[in-house]
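Trainee: Sharing coords28.cif (mmCIF, C-alpha atoms and all ligand atoms) below.
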```cif
data_my_file
#
loop_
_atom_site.label_atom_id
_atom_site.label_comp_id
_atom_site.auth_asym_id
_atom_site.auth_seq_id
_atom_site.Cartn_x
_atom_site.Cartn_y
_atom_site.Cartn_z
CA MET P 1 195.98 73.79 164.79
CA TYR P 2 193.23 73.77 167.34
CA THR P 3 193.41 77.53 167.86
CA ASN P 4 193.44 78.05 164.12
CA THR P 5 190.19 76.07 163.64
CA PHE P 6 188.66 77.78 166.60
CA PHE P 7 189.64 81.15 165.19
CA LYS P 8 188.11 80.24 161.83
CA PHE P 9 184.95 79.15 163.52
CA GLN P 10 184.85 82.39 165.51
CA LEU P 11 185.36 84.39 162.34
CA LEU P 12 182.63 82.52 160.49
CA TRP P 13 180.27 82.87 163.42
CA THR P 14 180.96 86.60 163.62
CA LEU P 15 180.38 86.96 159.88
CA PHE P 16 177.16 84.99 160.25
CA LEU P 17 175.96 87.28 163.02
CA ILE P 18 176.85 90.39 161.04
CA THR P 19 174.94 89.03 158.02
CA ILE P 20 171.89 88.29 160.15
CA HIS P 21 172.11 91.74 161.67
CA LEU P 22 172.41 93.49 158.30
CA THR P 23 169.60 91.43 156.80
CA TYR P 24 167.43 92.31 159.74
CA GLN P 25 168.35 95.98 159.48
CA GLN P 26 167.76 95.83 155.73
CA SER P 27 164.32 94.30 156.08
CA GLU P 28 163.45 96.83 158.77
CA LYS P 29 164.84 99.66 156.66
CA GLN P 30 162.70 98.75 153.69
CA LEU P 31 159.59 99.75 155.58
CA ILE P 32 158.84 103.39 154.94
CA ILE P 33 156.23 104.87 157.26
CA LYS P 34 154.90 108.30 156.33
CA THR P 35 152.11 110.57 157.50
CA VAL P 36 149.76 111.30 154.62
CA ALA P 37 147.04 113.33 156.37
CA GLY P 38 146.21 114.78 159.75
CA PRO P 39 146.55 114.57 162.63
CA PHE P 40 142.79 114.59 163.21
CA THR P 41 140.71 113.42 166.19
CA LEU P 42 139.73 109.84 165.27
CA THR P 43 140.41 108.71 161.73
CA GLU P 44 138.80 105.42 160.69
CA GLY P 45 137.44 103.45 157.76
CA PRO P 46 140.19 103.86 155.13
CA HIS P 47 138.89 102.87 151.71
CA TRP P 48 141.00 102.77 148.55
CA ASP P 49 138.96 103.42 145.42
CA GLU P 50 140.88 101.79 142.59
CA SER P 51 138.68 103.31 139.89
CA THR P 52 139.78 106.82 140.88
CA ASN P 53 143.02 106.14 142.81
CA LEU P 54 141.70 108.09 145.79
CA LEU P 55 141.84 107.25 149.48
CA TYR P 56 138.75 107.89 151.59
CA PHE P 57 138.53 107.93 155.37
CA VAL P 58 136.34 109.41 158.11
CA ASP P 59 136.96 111.37 161.30
CA ILE P 60 134.15 109.96 163.44
CA PRO P 61 133.63 112.52 166.24
CA GLU P 62 134.42 115.50 164.01
CA GLN P 63 131.65 114.21 161.70
CA LYS P 64 133.83 114.53 158.60
CA PHE P 65 134.46 112.42 155.54
CA TYR P 66 137.80 112.97 153.78
CA CYS P 67 139.15 112.30 150.33
CA TRP P 68 142.92 112.26 149.76
CA ASN P 69 144.53 112.23 146.35
CA PRO P 70 148.07 110.80 146.58
CA LYS P 71 148.92 112.17 143.14
CA ASN P 72 148.81 115.82 144.18
CA ASN P 73 148.49 115.41 147.98
CA LYS P 74 145.14 117.24 147.85
CA LEU P 75 142.80 116.70 150.78
CA THR P 76 139.11 117.60 150.69
CA HIS P 77 136.26 116.90 153.07
CA THR P 78 132.55 117.02 153.56
CA SER P 79 130.69 117.12 156.87
CA PHE P 80 127.61 115.79 158.63
CA ASN P 81 125.51 116.54 161.71
CA SER P 82 126.24 113.25 163.50
CA PRO P 83 129.29 111.04 164.06
CA VAL P 84 130.22 109.31 160.82
CA GLY P 85 131.50 105.72 161.17
CA VAL P 86 131.89 104.66 157.57
CA ALA P 87 131.55 106.01 154.03
CA ILE P 88 132.02 103.97 150.86
CA PRO P 89 131.42 104.73 147.15
CA ILE P 90 128.25 103.47 145.47
CA ALA P 91 128.90 101.45 142.29
CA ASN P 92 127.95 102.91 138.90
CA LYS P 93 126.89 106.23 140.37
CA LYS P 94 128.98 109.35 140.13
CA ASN P 95 129.85 111.23 143.33
CA ALA P 96 127.64 108.91 145.38
CA PHE P 97 128.46 107.23 148.69
CA VAL P 98 126.73 105.04 151.23
CA VAL P 99 127.38 106.49 154.69
CA GLY P 100 126.80 105.29 158.24
CA CYS P 101 126.02 108.43 160.19
CA GLY P 102 124.59 108.29 163.70
CA THR P 103 122.08 105.46 163.34
CA ASN P 104 121.16 106.37 159.77
CA VAL P 105 122.41 104.94 156.53
CA LEU P 106 122.62 107.84 154.09
CA GLU P 107 123.17 108.27 150.42
CA LEU P 108 125.60 111.13 150.08
CA THR P 109 126.18 113.12 146.94
CA TRP P 110 129.55 114.84 146.96
CA ASP P 111 131.96 115.97 144.27
CA THR P 112 135.23 115.16 146.05
CA SER P 113 137.23 117.76 144.12
CA ALA P 114 136.06 120.48 146.53
CA ASN P 115 135.09 120.82 150.18
CA ASN P 116 131.40 120.87 150.88
CA THR P 117 130.14 121.44 154.42
CA ASN P 118 126.50 121.15 153.41
CA PRO P 119 126.25 118.17 151.07
CA ILE P 120 123.10 116.55 149.70
CA THR P 121 122.10 113.50 151.73
CA LYS P 122 119.15 111.15 151.65
CA VAL P 123 118.24 108.67 154.38
CA ILE P 124 118.21 105.12 152.98
CA ALA P 125 117.52 103.35 156.27
CA SER P 126 117.67 103.70 160.06
CA VAL P 127 118.88 101.05 162.52
CA ASP P 128 118.70 100.53 166.31
CA THR P 129 115.47 102.54 166.26
CA ASP P 130 114.46 101.05 169.65
CA ARG P 131 117.35 102.77 171.48
CA ASP P 132 119.16 106.08 171.63
CA ASP P 133 122.58 105.03 172.89
CA THR P 134 124.23 103.57 169.78
CA ARG P 135 125.83 104.77 166.58
CA ILE P 136 127.09 103.16 163.40
CA ASN P 137 130.77 102.27 163.47
CA ASP P 138 132.89 100.36 160.92
CA GLY P 139 131.49 98.88 157.69
CA LYS P 140 132.48 97.24 154.42
CA ILE P 141 131.06 95.88 151.16
CA ASP P 142 130.99 92.15 150.40
CA ALA P 143 131.63 90.37 147.10
CA LYS P 144 128.00 90.77 146.05
CA GLY P 145 127.97 94.49 146.75
CA ARG P 146 126.06 94.28 150.04
CA PHE P 147 126.84 96.82 152.77
CA TRP P 148 127.83 95.28 156.14
CA PHE P 149 128.06 97.67 159.06
CA GLY P 150 127.81 97.49 162.81
CA THR P 151 126.77 99.68 165.69
CA MET P 152 128.27 100.29 169.12
CA GLY P 153 126.87 101.50 172.42
CA GLU P 154 128.07 104.99 173.18
CA LYS P 155 126.61 107.84 175.16
CA LYS P 156 128.47 111.02 176.08
CA GLU P 157 131.72 109.39 174.94
CA GLU P 158 131.18 106.45 177.32
CA ILE P 159 131.11 102.94 175.85
CA ILE P 160 127.94 100.99 176.72
CA TYR P 161 128.36 97.24 176.40
CA LYS P 162 126.18 94.85 174.42
CA ARG P 163 123.97 97.49 172.86
CA GLY P 164 125.16 97.21 169.27
CA SER P 165 124.49 94.84 166.34
CA LEU P 166 125.97 93.88 163.01
CA TYR P 167 123.77 94.57 159.97
CA ARG P 168 123.79 93.58 156.32
CA MET P 169 122.07 95.76 153.74
CA GLY P 170 121.54 94.46 150.23
CA SER P 171 120.66 96.43 147.11
CA ASP P 172 117.07 96.86 148.37
CA GLY P 173 118.33 99.22 151.09
CA ILE P 174 116.76 97.23 153.92
CA PRO P 175 119.17 96.39 156.79
CA LYS P 176 118.98 92.92 158.33
CA LYS P 177 120.39 92.16 161.78
CA MET P 178 123.11 89.51 161.48
CA VAL P 179 124.85 89.41 164.89
CA SER P 180 123.47 90.77 168.17
CA PRO P 181 124.37 91.91 170.72
CA VAL P 182 127.84 93.25 169.99
CA CYS P 183 129.81 95.80 172.02
CA ILE P 184 131.93 97.70 169.51
CA SER P 185 131.36 96.42 165.99
CA ASN P 186 134.63 96.82 164.11
CA GLY P 187 136.83 95.03 161.57
CA LEU P 188 135.22 93.00 158.81
CA THR P 189 136.54 91.23 155.75
CA TRP P 190 136.06 88.09 153.64
CA ASN P 191 138.40 85.44 152.27
CA HIS P 192 139.09 85.13 148.55
CA LYS P 193 137.00 82.02 148.12
CA ASN P 194 134.05 84.06 149.38
CA ASP P 195 133.09 81.38 151.86
CA THR P 196 134.39 82.88 155.12
CA PHE P 197 133.60 86.14 156.91
CA TYR P 198 136.04 87.54 159.49
CA TYR P 199 134.75 89.84 162.19
CA ILE P 200 135.90 91.79 165.26
CA ASP P 201 133.88 92.92 168.27
CA SER P 202 136.73 94.89 169.85
CA PRO P 203 136.24 94.36 173.63
CA THR P 204 136.35 90.55 173.15
CA ARG P 205 140.02 90.98 172.08
CA GLN P 206 139.30 88.26 169.51
CA VAL P 207 139.00 87.86 165.77
CA VAL P 208 136.29 85.39 164.78
CA SER P 209 135.28 83.70 161.56
CA TYR P 210 131.90 82.60 160.23
CA ASP P 211 130.99 80.39 157.29
CA TYR P 212 129.64 82.80 154.70
CA ASP P 213 127.18 82.01 151.95
CA TYR P 214 128.11 84.16 148.96
CA ASN P 215 124.70 83.85 147.34
CA THR P 216 122.45 84.52 150.32
CA GLY P 217 124.92 86.52 152.42
CA ASP P 218 124.08 84.40 155.44
CA ILE P 219 126.66 83.60 158.11
CA ASN P 220 126.89 80.86 160.71
CA ASN P 221 129.26 78.56 162.58
CA LYS P 222 131.31 81.08 164.58
CA HIS P 223 134.93 80.24 165.49
CA VAL P 224 137.60 82.20 167.34
CA ILE P 225 140.62 82.34 165.07
CA PHE P 226 142.86 84.77 166.98
CA ASP P 227 142.89 85.92 170.59
CA LEU P 228 145.14 88.78 171.76
CA ASN P 229 145.33 87.09 175.18
CA ASN P 230 147.29 84.18 173.70
CA HIS P 231 149.95 86.50 172.27
CA ASN P 232 150.47 89.01 175.06
CA ILE P 233 149.26 91.82 172.83
CA PRO P 234 147.93 94.88 174.66
CA GLY P 235 144.87 96.82 173.50
CA PHE P 236 141.98 95.85 171.24
CA PRO P 237 141.64 94.59 167.69
CA ASP P 238 139.95 97.29 165.61
CA GLY P 239 139.79 97.64 161.81
CA MET P 240 140.93 94.78 159.57
CA THR P 241 141.74 93.91 155.97
CA ILE P 242 143.02 90.90 154.02
CA ASP P 243 146.02 90.58 151.69
CA GLU P 244 146.38 88.70 148.41
CA GLY P 245 147.82 85.71 150.27
CA GLY P 246 144.72 85.46 152.47
CA ASN P 247 146.38 86.77 155.66
CA LEU P 248 144.62 89.28 157.88
CA TRP P 249 146.00 92.72 158.77
CA ILE P 250 144.59 94.02 162.03
CA ALA P 251 144.88 97.47 163.63
CA ILE P 252 145.48 97.30 167.38
CA TYR P 253 143.83 100.16 169.29
CA ASP P 254 145.82 101.06 172.43
CA GLY P 255 148.45 98.63 171.17
CA GLY P 256 150.37 100.98 168.83
CA ARG P 257 150.71 98.40 166.10
CA VAL P 258 149.37 96.58 163.10
CA ILE P 259 149.64 92.80 163.06
CA GLN P 260 149.48 90.23 160.27
CA VAL P 261 147.75 86.98 161.16
CA ASP P 262 147.34 83.72 159.27
CA PRO P 263 143.65 82.88 159.78
CA SER P 264 144.15 79.21 158.86
CA ASN P 265 146.17 78.50 162.01
CA GLY P 266 146.00 81.70 164.08
CA ASN P 267 149.75 82.32 163.76
CA LEU P 268 151.02 85.83 164.33
CA LEU P 269 153.15 86.50 161.25
CA LYS P 270 154.23 90.11 161.59
CA THR P 271 154.06 93.09 163.94
CA ILE P 272 154.59 96.65 162.75
CA ASN P 273 154.88 99.36 165.37
CA LEU P 274 153.56 102.81 164.61
CA PRO P 275 154.21 106.22 166.20
CA ALA P 276 150.74 106.34 167.82
CA THR P 277 149.06 104.01 170.34
CA LYS P 278 145.47 104.26 169.14
CA ILE P 279 145.64 102.50 165.75
CA THR P 280 142.12 102.21 164.34
CA SER P 281 142.08 100.61 160.90
CA VAL P 282 143.98 99.46 157.83
CA ALA P 283 143.45 99.28 154.04
CA PHE P 284 145.71 98.42 151.12
CA GLY P 285 145.92 101.05 148.42
CA GLY P 286 148.12 102.72 145.85
CA GLN P 287 148.14 101.87 142.13
CA ASN P 288 149.59 98.41 142.91
CA LYS P 289 147.62 97.98 146.16
CA ASP P 290 150.95 97.46 147.92
CA ILE P 291 150.76 100.41 150.32
CA LEU P 292 149.10 99.81 153.66
CA TYR P 293 147.15 102.87 154.81
CA VAL P 294 146.66 103.04 158.56
CA THR P 295 144.29 105.33 160.48
CA SER P 296 144.75 106.40 164.10
CA ALA P 297 143.24 108.50 166.88
CA LYS P 298 144.30 111.09 169.40
CA GLN P 299 141.04 111.26 171.32
CA LYS P 300 141.30 110.48 175.05
CA LEU P 301 145.10 110.87 175.10
CA THR P 302 146.48 112.85 178.04
CA ASN P 303 148.58 115.92 177.34
CA ALA P 304 151.70 113.97 178.28
CA GLU P 305 150.77 111.17 175.88
CA LEU P 306 150.06 113.69 173.14
CA GLN P 307 153.54 115.13 173.58
CA GLU P 308 155.03 111.66 173.24
CA GLN P 309 152.99 110.87 170.13
CA PRO P 310 152.40 114.12 168.25
CA LEU P 311 151.40 112.15 165.13
CA ALA P 312 148.47 110.42 166.86
CA GLY P 313 145.32 110.93 164.79
CA SER P 314 147.20 110.85 161.49
CA VAL P 315 146.65 108.62 158.51
CA PHE P 316 149.92 106.77 157.86
CA SER P 317 151.20 104.91 154.84
CA ILE P 318 153.48 101.88 155.12
CA GLU P 319 155.54 101.04 152.06
CA GLY P 320 157.93 98.15 151.52
CA LEU P 321 155.78 95.40 153.01
CA ASP P 322 156.14 93.23 149.92
CA VAL P 323 152.48 92.33 150.25
CA LYS P 324 149.50 93.34 148.12
CA GLY P 325 145.89 93.84 149.03
CA THR P 326 142.80 93.11 146.98
CA SER P 327 140.11 95.35 145.47
CA MET P 328 137.87 97.21 147.88
CA LEU P 329 134.33 97.02 146.62
CA ALA P 330 131.54 99.57 146.17
CA TYR P 331 127.92 99.27 147.34
CA LYS P 332 125.51 97.96 144.71
CA MET P 333 122.20 99.77 144.82
CA THR P 334 119.07 98.87 142.89
CA ASN P 335 118.73 102.33 141.36
C1 LIG A 401 139.42 121.93 152.20
O1 LIG A 401 139.59 121.12 153.33
C2 LIG A 401 140.93 120.73 153.57
C3 LIG A 401 140.92 119.75 154.72
O2 LIG A 401 140.09 118.70 154.38
C4 LIG A 401 141.77 121.94 153.86
O3 LIG A 401 143.12 121.55 154.04
C5 LIG A 401 141.67 122.88 152.67
O4 LIG A 401 142.37 124.07 152.99
C6 LIG A 401 140.22 123.21 152.37
N1 LIG A 401 140.17 123.95 151.11
C7 LIG A 401 139.52 125.10 151.00
C8 LIG A 401 139.55 125.72 149.66
O5 LIG A 401 138.91 125.60 151.94
C1 LIG A 402 134.85 86.40 145.23
O1 LIG A 402 134.16 87.59 144.92
C2 LIG A 402 134.95 88.54 144.20
C3 LIG A 402 134.14 89.82 144.07
O2 LIG A 402 132.89 89.60 143.51
C4 LIG A 402 135.31 87.96 142.85
O3 LIG A 402 136.12 88.88 142.15
C5 LIG A 402 136.08 86.68 143.07
O4 LIG A 402 136.35 86.07 141.84
C6 LIG A 402 135.30 85.72 143.95
N1 LIG A 402 136.14 84.60 144.27
C7 LIG A 402 135.84 83.36 143.91
C8 LIG A 402 136.84 82.29 144.28
O5 LIG A 402 134.80 83.08 143.32
#
```
Any chance you could give the structure as structure tokens?

Mentor:
Amino acid sequence: MYTNTFFKFQLLWTLFLITIHLTYQQSEKQLIIKTVAGPFTLTEGPHWDESTNLLYFVDIPEQKFYCWNPKNNKLTHTSFNSPVGVAIPIANKKNAFVVGCGTNVLELTWDTSANNTNPITKVIASVDTDRDDTRINDGKIDAKGRFWFGTMGEKKEEIIYKRGSLYRMGSDGIPKKMVSPVCISNGLTWNHKNDTFYYIDSPTRQVVSYDYDYNTGDINNKHVIFDLNNHNIPGFPDGMTIDEGGNLWIAIYDGGRVIQVDPSNGNLLKTINLPATKITSVAFGGQNKDILYVTSAKQKLTNAELQEQPLAGSVFSIEGLDVKGTSMLAYKMTN
């Protein structure tokens, strides 16, 4: 009798373990990670344009801006004469983009259906004009159509600390300094209520939040909401986006992963490993905004590391996350 019950228990326990195992395998299996473009040197700033169903991204040191059409897998690019940190469509203007290039904010005119190595550009504004050791890095558009972008200290590929700033540029085209100094201005996004701004200065290894005034665009009351040190995560937080549920998705540079974080309590919800260590940024895209596009870099990898991660520098897509993103916005210009 005793042995019989014990046997039954054993059997049930085994079945339970098998179920857990299969469920785990199943949920892991549902994630499909593909390479959609590259590898390039340092891809960054993925932007899904839902009005055209195109994915944009930059290759910073190669001074290129790419457009990828998932429908026909066509890739086109345009190029600049300085490192390009960010490029985003301008609202209500055909073939027009706001671009952070070197320390200039440009208006680019480019018909993305063909490559153009000598596009028309116009300087809208210049930042960090008192120094020559910074360049514009990541940027994004807020709910009112303002362009937020930051700079980082960099000379001859060496990072220089505390030389950068975060700027906000409204429709008047005049940048205003919002946070200074910063080291490497990176990920930025806002919550759905439009009252909180999330921001990453990579070397701090932290994600911070600010109260955000939707009408004025002002920010204040900084709080640390996530610290890599408290979770034993290697590397640096880089690009960032937010999902429909209000959770943050953060690319971990030199950490080979993307993490999902609940900003309300700082809980680490999910970790997705990728076949490259230098993960630079993330954006939701696809017709249903349920594909996570992930950019990466191969710069500064040793030959041995490059052999281990031949896909480094690619743009990846992750499908099967069961999570949706929200609309990525375009820059609103006065004319
Ligand atoms: C345009 O550039 C892409 C890379 O962005 C390249 O694959 C393609 O061959 C180029 N097309 C032409 C016509 O040169
Ligand atoms: C926040 O701004 C976005 C973009 O303008 C808008 O679609 C959304 O409705 C706003 N959210 C709230 C809660 O007002």

Trainee: Applying 12 Å and all atoms listed in the file, which residues near P:Asn267 remain after dropping the ones on its own chain fewer than 5 positions away? List them as a ChimeraX atom specification.

Mentor: /P:225-228,230-231,247-248,259-262

Trainee: Could you tell me how far atom CA of P:Leu166 lies from atom CA of P:Trp110, in Å and to one decimal?

Mentor: 26.6 Å

Trainee: Taking only C-alpha atoms and all ligand atoms and a cut-off of 10 Å, can you tell me which residues surround ligand LIG 402 (chain A), written as a list in words?

Mentor: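 Within the 10 Å cut-off, the matching residues are Ile141, Asp142, Ala143, Lys144, Gly145, Trp190, Asn191, His192, Lys193, Asn194, Asp195, Tyr214, Thr326, Ser327, Met328 and Leu329 of chain P.
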
Trainee: Using all atoms listed in the file, what residues lie at most 8 Å away from (134.7, 95.7, 160.3) (file coordinates), given as a list in words?

Mentor: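 The residues that fall inside the cut-off are Asp138, Gly139, Lys140, Phe149, Gly150, Ser185, Asn186, Gly187, Leu188, Thr189, Tyr199, Ile200, Asp238, Gly239 and Met240 of chain P.
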
Trainee: Select the residues contacting ligand LIG 401 (chain A) at a distance of at most 6 Å, based on all atoms listed in the file, then format the selection as a list of chain:residue names.

Mentor: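 Listing the residues within 6 Å of ligand LIG 401 (chain A) gives P:Leu75, P:Thr76, P:His77, P:Asn115.
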
Trainee: Grab the residues selected above and save them as a short mmCIF file (atom, residue, chain, number, x, y, z; two decimals), in the coordinates of the input with C-alpha atoms.

Mentor:
```cif
data_model
loop_
_atom_site.label_atom_id
_atom_site.label_comp_id
_atom_site.auth_asym_id
_atom_site.auth_seq_id
_atom_site.Cartn_x
_atom_site.Cartn_y
_atom_site.Cartn_z
CA LEU P 75 142.80 116.70 150.78
CA THR P 76 139.11 117.60 150.69
CA HIS P 77 136.26 116.90 153.07
CA ASN P 115 135.09 120.82 150.18
#
```

Trainee: Under the rule that only C-alpha atoms are counted, which of P:Pro181, P:Pro234, P:Pro263, P:Gly173 is the nearest residue to P:Ser209?

Mentor: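 Distance minimum relative to P:Ser209 lands on P:Pro263.
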
Trainee: Taking (117.4, 98.8, 166.3) in the coordinates of the supplied file, I want to know which residues reach to within 10 Å of it, counting all atoms listed in the file; could you give the answer as a VMD selection string?

Mentor: chain P and resid 103 126 to 132 134 151 163 to 165 167 175 177

Trainee: So the first atom is atom CA of P:Thr271 and the second is atom CA of P:Val258; what is the distance between them in Å, to one decimal place?

Mentor: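 If I compute the distance from atom CA of P:Thr271 to atom CA of P:Val258, I get 5.9 Å.
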
Trainee: Give the answer as one residue: which of P:Ile242, P:Ile136, P:Ala297, P:Ile124 has the shortest atom-to-atom distance to P:Phe197, using all atoms listed in the file?

Mentor: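 Selected residue with least distance to P:Phe197: P:Ile242.
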
Trainee: Counting all atoms listed in the file, which residue out of P:Asp243, P:Glu50, P:Asp213, P:Glu158 sits closest to P:Leu292?

Mentor: P:Asp243
